[in-house]
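*Asks:* Please read through the structure below; I'll follow up with questions.
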Amino acid sequence: MTGQAFFVLTALAAGPRHGYGIVGEVADLSHGQVKLKIGSLYGVLDRLATDGLIEPDREEAHDGRLRRYYRLTSDGRNALAQEASIRAATARVVRLRLGLAAGEAAG
Amino acid sequence: MSAGLERRYRRVLRLLPGYYRATWEEDMVAAFLDSALTGDPDDDEFTLEFGRPTWPEIASVADLAARLYLGGAGAPRRYLAWGQAVRGAVLAVIGVHAVVSLDALVRLAWIHRLLGVPAAPAGLLASTPAGILPPAVWYLGDCAWLMVFVTLILGRYWVARVYAALAIVPDLVWLLHGQFTGFLPATSLGPWSFWVLLSVVPVLALAAFHRDAPPAARWPWLLALPAAYLLVDVPLLALQVTGNSAWGPDDSGLFCLLVALACLAHAPRAWSGASAGSGVWSLTLALLAVVAGAYRIASLADYLHDPHLIRVSLAELLILTVAAALVAPDAARTARPAPPRPRPDQETLAY
């Protein structure tokens with residue numbers, strides 16, 4: 001799973017979001033490190049929808065335009081949980097190799 | 001009527017294939033406008049009327065378009081075929097560079113008796129051209145082409161792009177220096193067409209090697225390098241060391257003949273339609289034929305002083321055209337637009 005896909009799925013883990021909402025949530029989650037352009041976002045969304053990891057939730061009118069919301073599917077939830085485990089295990093190894101205690105890394 | 005910013009962004013979105021826009025365009029426009037507006041009515045009115053998509057936004061759409069047109073896993077059949085054909089053609093052309101580079105490094109080893117090889121025959125010449133660049137730069141360029149070929153096959157696409165960007169530089173410096181100093185005649189199109197068609201175009205087409213691209217068949221491509229060296233380069237080397245290099249074709253002629261041979265070898269499969277992958281190979285060969293033909297035509301200008309060489313070049317072009325015509329119908333069938341792939345979520349996502 002690419003870093004962008006991981007962040008998009010994580011952004012949707014808390015609930016359905018529309019395209020620009022996902023961009024903002026990903027920026028927050030990554031502390032501003034990942035700033036998705038719209039072309040990049042929809043490349044990721046298309047891929048995740050094709051793989052059955054996300055699906056449309058609803059559409060809402062906003063300023064005369066329709067905003068489409070997306071949500072995680074159960075496959076998407078499983079894929080995200082699996083990826084999170086892999087990344088957490090990797091992070092544990094990194095902390096061990098750097099000689100950091102579990103709590104130190106956050107500080 | 002849509003505001004200026006929306007109109008301009010929709011114009012950018014025309015870079016994307018129709019099937020993709022049918023599903024995602026309205027959503028992309030809404031998300032883009034959301035991202036551009038601040039909530040301040042005055043600012044937003046100005047932005048909507050006079051704003052333009054930023055270059056990074058345009059680049060992200062162009063990158064998405066390249067990935068969709070040169071499709072990978074999960075793409076509609078037509079775009080997957082185009083993607084596979086372009087990837088095959090790029091690997092073939094970069095394979096040619098790798099064989100030429102291997103040849104240069106073997107000559108270097110032979111002439112300087114490196115690695116304990118026996119003394120080189122008197123007729124063997126180093127392959128580095130005269131000019132502003134020292135031989136070491138050419139040999140580094142050769143190593144870079146070999147690395148592009150190997151890293152592409154190993155799936156290290158970003159590494160391949162970096163090596164490719166380095167590999168095309170020596171030729172450009174040599175060409176510019178030759179042109180400005182008069183070392184190259186002003187009408188000499190051959191070296192420039194080689195650089196543009198066989199170096200720059202394939203390097204730009206590396207965009208086809210994106211994360212959705214299926215990996216190349218590793219062993220067949222890796223084995224193709226020594227096989228091509230033994231079957232094509234060694235006979236040419238033999239002609240040179242025996243003083244008969246005039247019998248060999250020039251670079252563009254050789255490229256035409258090799259593509260023509262590949263077309264002839266593939267033609268029975270293309271006509272039988274027995275294999276699903278046949279159309280992709282036909283399209284690959286058609287792309288290579290276009291490049292080889294364009295290179296042959298552009299380098300004709302170098303032979304205007306010699307009617308015999310013009311006749312030989314035209315004969316090579318004719319052979320290439322006839323051979324390519326044998327695979328062209330299969331290539332056209334493969335490249336033809338097909339109905340959009342029914343997506344599992346098509347009904348719910350379409351407006």
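Ordered as shown in the structure tokens, chains take letters A, B, and onward, while each chain numbers its residues from 1 and ligands are numbered from 1 in the order shown.
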Could you list, as an NGL selection string, every residue within 10 Å of Asp46 of chain A, counting only C-alpha atoms and ignoring same-chain residues fewer than 3 positions away?
*Replies:* (:A and (41-43 or 49-52 or 54-55)) or (:B and (20 or 23-24))
*Asks:* Give me the residues of chain A that have any atom at most 10 Å from an atom of chain B; for each, the nearest atom pair and the distance in Å, rounded to one decimal. Use only C-alpha atoms, sort by chain and number, and format it as a Markdown table.
*Replies:*
```
| residue | atom | partner | partner_atom | distance |
| --- | --- | --- | --- | --- |
| A:Thr2 | CA | B:Arg211 | CA | 9.1 |
| A:His18 | CA | B:Ala31 | CA | 7.8 |
| A:Gly19 | CA | B:Ala31 | CA | 5.3 |
| A:Tyr20 | CA | B:Ala31 | CA | 4.8 |
| A:Gly21 | CA | B:Ala31 | CA | 8.4 |
| A:Ile22 | CA | B:Ala31 | CA | 9.5 |
| A:Val23 | CA | B:Ser35 | CA | 8.6 |
| A:Gly24 | CA | B:Ser35 | CA | 9.0 |
| A:Leu36 | CA | B:Ser60 | CA | 9.1 |
| A:Lys37 | CA | B:Glu57 | CA | 5.8 |
| A:Ile38 | CA | B:Phe32 | CA | 6.2 |
| A:Gly39 | CA | B:Val61 | CA | 4.5 |
| A:Ser40 | CA | B:Ser60 | CA | 5.6 |
| A:Leu41 | CA | B:Ser60 | CA | 9.0 |
| A:Tyr42 | CA | B:Met28 | CA | 7.2 |
| A:Gly43 | CA | B:Leu64 | CA | 6.1 |
| A:Val44 | CA | B:Leu64 | CA | 9.6 |
| A:Leu45 | CA | B:Trp24 | CA | 9.7 |
| A:Asp46 | CA | B:Trp24 | CA | 8.4 |
| A:Arg47 | CA | B:Gly74 | CA | 8.3 |
| A:Ala49 | CA | B:Asp345 | CA | 7.3 |
| A:Thr50 | CA | B:Arg343 | CA | 7.1 |
| A:Asp51 | CA | B:Gly74 | CA | 8.7 |
| A:Gly52 | CA | B:Pro344 | CA | 8.3 |
| A:Ile54 | CA | B:Asp345 | CA | 9.9 |
| A:Glu55 | CA | B:Asp345 | CA | 7.5 |
| A:Pro56 | CA | B:Leu349 | CA | 6.7 |
| A:Asp57 | CA | B:Thr348 | CA | 9.4 |
| A:Arg58 | CA | B:Thr348 | CA | 9.7 |
| A:His62 | CA | B:Ala30 | CA | 9.1 |
| A:Asp63 | CA | B:Asp34 | CA | 9.7 |
| A:Gly64 | CA | B:Ala30 | CA | 9.7 |
| A:Arg65 | CA | B:Ala30 | CA | 6.4 |
| A:Leu66 | CA | B:Ala30 | CA | 7.1 |
| A:Arg67 | CA | B:Ala30 | CA | 6.5 |
| A:Arg68 | CA | B:Asp27 | CA | 6.6 |
| A:Tyr69 | CA | B:Asp27 | CA | 9.6 |
```
*Asks:* Go through chain A and collect every residue that DSSP, computed from the backbone, puts in alpha helix (DSSP H); the answer should be as a ChimeraX atom specification.
*Replies:* /A:3-13,19-29,38-50,74-97
*Asks:* Could you state the separation of atom CA of Ala301 of chain B and atom CA of Ala324 of chain B in Å, given to one decimal place?
*Replies:* 23.2 Å
